[in-house]
Amino acid sequence: MSADARAGNQSQPNGLRVYDFKEEEQTKALVWRYLTFEKFMSLLELEAMWFSRLGALQDRYECTPPQGVRAKVLGLVKNRATAEKTLPAPLLDYMEQVVEHGRGDDGRRMGAVNCWFLGNDESERMWREYGQEGRGVAIQSTVRRLATSFEITGDYALVSGVGRIKYVDFESYKMKPPDENNLLRVAFLKDKAYAAEQEIRVVTLNSLHSGCLNLDGTPWSQGQKVFDPNAAGLYMKCSLQNLITRVVVGPNARPYFLTLVRRLVGRYRLFIPVEPSRLTSAAAGK
């Protein structure tokens with residue numbers, strides 16, 4: 001973690017560091033997460049959002065750092081005295097465990113992300129690919145709300161952030177200062193083949209703490225395992241009322257589904273508008 005990244009978090013004590021968005025843009029930039037009905041119900045019931053381990057995602061290049069960055073990370077881990085002056089304690093402890101597992105350069109096990117789609121309007125492609133072919137639910141938020149809704153605090157906030165994905169050619173792309181000194185920046189790189197996704201993501205450690213739930217939905221507690229390099233991800237607790245600005249029901253959903261979702265949102269005491277999609281059924285690939 002660079003000094004620049006540390007300073008960025010200190011300047012925003014009430015939320016995570018936000019990359020690539022000016023202060024005035026953070027409240028205006030709309031983001032969407034498309035969900036199946038089952039995932040939407042899980043969100044309501046657990047009041048927690050799923051963060052996927054980077055290595056479990058489709059892009060094989062996820063969190064693959066350039067060689068220079070990889071060498072620097074390994075050097076820090078091997079020199080504890082120097083590392084303690086540079087890295088927050090959770091990240092250092094975590095990286096040492098990863099080295100112990102024989103994967104010292106494998107950020108794909110270290111990071112966990114929660115992915116959103118950037119756009120002022122609904123996307124028929126996202127409905128088709130992630131929203132149950134237009135029969136699911138989409139939740140809308142803003143970049144600023146992503147930075148302030150999750151229970152990621154203390155030293156864990158220092159190794160977490162919200163930012164726009166940069167789509168690159170991994171065979172030729174080279175990181176430049178100050179990005180090459182910021183471990184988080186690697187998690188915001190993605191192969192150019194996925195550029196149409198216009199992704200925004202929240203990045204944190206794939207490490208359980210008081211802001212997390214176990215995979216069965218029970219609260220995590222001290223004494224339980226913190227790091228599992230093979231875990232698919234984790235649930236991060238969040239304020240749904242703060243996170244969600246609007247719920248949209250898919251264009252291919254049955255008429256009664258809108259009423260059902262409205263009743264469910266009300267039952268969980270969320271004062272959030274629930275609206276039908278503005279797209280037609282044909283637009284979402286019926």
# chains A, B, ... in the order shown; residues from 1 in each chain; ligands from 1
$ residues_around --residues "Phe21 in chain A" --least-positions-apart "3" --cutoff "10 Å" --atoms "only C-alpha atoms" --output "JSON list (two decimals) with all heavy atoms, in the first residue's frame"
[["chain", "number", "residue", "atom", "x", "y", "z"],
["A", 18, "VAL", "N", -12.05, 6.20, -2.95],
["A", 18, "VAL", "CA", -12.67, 6.12, -4.27],
["A", 18, "VAL", "C", -11.65, 6.54, -5.31],
["A", 18, "VAL", "O", -11.06, 7.62, -5.22],
["A", 18, "VAL", "CB", -13.92, 7.02, -4.36],
["A", 18, "VAL", "CG1", -14.50, 6.98, -5.78],
["A", 18, "VAL", "CG2", -14.97, 6.59, -3.34],
["A", 24, "GLU", "N", -17.42, 15.45, -6.97],
["A", 24, "GLU", "CA", -18.76, 15.80, -7.45],
["A", 24, "GLU", "C", -19.37, 14.69, -8.31],
["A", 24, "GLU", "O", -20.60, 14.61, -8.46],
["A", 24, "GLU", "CB", -18.73, 17.12, -8.23],
["A", 24, "GLU", "CG", -17.84, 17.12, -9.47],
["A", 24, "GLU", "CD", -16.40, 17.53, -9.17],
["A", 24, "GLU", "OE1", -15.99, 17.45, -8.00],
["A", 24, "GLU", "OE2", -15.70, 17.93, -10.12],
["A", 25, "GLU", "N", -18.54, 13.85, -8.90],
["A", 25, "GLU", "CA", -19.04, 12.75, -9.74],
["A", 25, "GLU", "C", -19.56, 11.58, -8.91],
["A", 25, "GLU", "O", -20.41, 10.82, -9.38],
["A", 25, "GLU", "CB", -17.93, 12.24, -10.65],
["A", 25, "GLU", "CG", -17.46, 13.22, -11.71],
["A", 25, "GLU", "CD", -16.33, 12.66, -12.54],
["A", 25, "GLU", "OE1", -15.40, 12.04, -11.97],
["A", 25, "GLU", "OE2", -16.37, 12.82, -13.77],
["A", 26, "GLN", "N", -19.06, 11.42, -7.71],
["A", 26, "GLN", "CA", -19.35, 10.23, -6.92],
["A", 26, "GLN", "C", -20.83, 10.09, -6.56],
["A", 26, "GLN", "O", -21.34, 8.98, -6.44],
["A", 26, "GLN", "CB", -18.50, 10.23, -5.65],
["A", 26, "GLN", "CG", -17.02, 10.11, -5.92],
["A", 26, "GLN", "CD", -16.19, 10.18, -4.66],
["A", 26, "GLN", "OE1", -16.67, 9.91, -3.55],
["A", 26, "GLN", "NE2", -14.93, 10.56, -4.79],
["A", 27, "THR", "N", -21.53, 11.19, -6.41],
["A", 27, "THR", "CA", -22.95, 11.13, -6.08],
["A", 27, "THR", "C", -23.84, 11.09, -7.33],
["A", 27, "THR", "O", -25.03, 10.81, -7.23],
["A", 27, "THR", "CB", -23.37, 12.34, -5.21],
["A", 27, "THR", "OG1", -23.03, 13.55, -5.90],
["A", 27, "THR", "CG2", -22.65, 12.30, -3.87],
["A", 29, "ALA", "N", -22.72, 9.47, -10.46],
["A", 29, "ALA", "CA", -22.47, 8.28, -11.27],
["A", 29, "ALA", "C", -23.33, 7.12, -10.78],
["A", 29, "ALA", "O", -23.17, 6.64, -9.66],
["A", 29, "ALA", "CB", -20.99, 7.92, -11.21],
["A", 143, "VAL", "N", -21.73, 5.61, -6.88],
["A", 143, "VAL", "CA", -20.36, 5.31, -6.49],
["A", 143, "VAL", "C", -20.12, 5.70, -5.04],
["A", 143, "VAL", "O", -19.48, 4.97, -4.28],
["A", 143, "VAL", "CB", -19.37, 6.05, -7.42],
["A", 143, "VAL", "CG1", -17.94, 5.96, -6.89],
["A", 143, "VAL", "CG2", -19.45, 5.47, -8.83],
["A", 144, "ARG", "N", -20.63, 6.84, -4.64],
["A", 144, "ARG", "CA", -20.42, 7.29, -3.27],
["A", 144, "ARG", "C", -21.07, 6.35, -2.26],
["A", 144, "ARG", "O", -20.51, 6.07, -1.19],
["A", 144, "ARG", "CB", -20.98, 8.71, -3.08],
["A", 144, "ARG", "CG", -20.62, 9.33, -1.73],
["A", 144, "ARG", "CD", -19.13, 9.51, -1.61],
["A", 144, "ARG", "NE", -18.72, 9.84, -0.25],
["A", 144, "ARG", "CZ", -17.66, 9.36, 0.33],
["A", 144, "ARG", "NH1", -16.89, 8.50, -0.31],
["A", 144, "ARG", "NH2", -17.34, 9.71, 1.55],
["A", 162, "VAL", "N", -12.98, 1.59, -3.90],
["A", 162, "VAL", "CA", -14.00, 1.55, -4.94],
["A", 162, "VAL", "C", -13.42, 2.23, -6.17],
["A", 162, "VAL", "O", -12.81, 3.29, -6.06],
["A", 162, "VAL", "CB", -15.28, 2.30, -4.51],
["A", 162, "VAL", "CG1", -16.33, 2.27, -5.62],
["A", 162, "VAL", "CG2", -15.84, 1.71, -3.22],
["A", 163, "GLY", "N", -13.58, 1.61, -7.34],
["A", 163, "GLY", "CA", -13.03, 2.23, -8.53],
["A", 163, "GLY", "C", -13.54, 1.65, -9.82],
["A", 163, "GLY", "O", -14.19, 0.61, -9.86],
["A", 164, "ARG", "N", -13.21, 2.35, -10.88],
["A", 164, "ARG", "CA", -13.58, 1.98, -12.24],
["A", 164, "ARG", "C", -12.55, 0.99, -12.79],
["A", 164, "ARG", "O", -11.34, 1.15, -12.58],
["A", 164, "ARG", "CB", -13.61, 3.23, -13.11],
["A", 164, "ARG", "CG", -14.21, 3.08, -14.49],
["A", 164, "ARG", "CD", -13.82, 4.26, -15.37],
["A", 164, "ARG", "NE", -14.01, 5.55, -14.74],
["A", 164, "ARG", "CZ", -15.06, 6.35, -14.95],
["A", 164, "ARG", "NH1", -16.01, 5.98, -15.78],
["A", 164, "ARG", "NH2", -15.14, 7.52, -14.35]]
$ residues_around --residues "Phe150 in chain A" --least-positions-apart "5" --cutoff "9 Å" --atoms "only C-alpha atoms" --output "PyMOL selection string"
chain A and resi 15-16+48-49+145+211+236-239+243
$ residues_around --residues "Val265 in chain A" --least-positions-apart "2" --cutoff "12 Å" --atoms "only C-alpha atoms" --output "list in words"
Phe40, Met41, Leu43, Leu44, Glu45, Val137, Ile139, Leu240, Gln241, Ile244, Arg246, Val247, Val248, Leu258, Thr259, Leu260, Val261, Arg262, Arg263, Arg267, Tyr268, Arg269, Leu270, Phe271, Ile272, Pro273, Val274 and Glu275 of chain A
$ atom_distance --atom1 "CA of Trp32 in chain A" --atom2 "CA of Glu129 in chain A"
13.3 Å
$ select_by_dssp --residues "range 183-245 of chain A" --states "alpha helix (DSSP H)" --output "PyMOL selection string"
chain A and resi 183-186+240-243
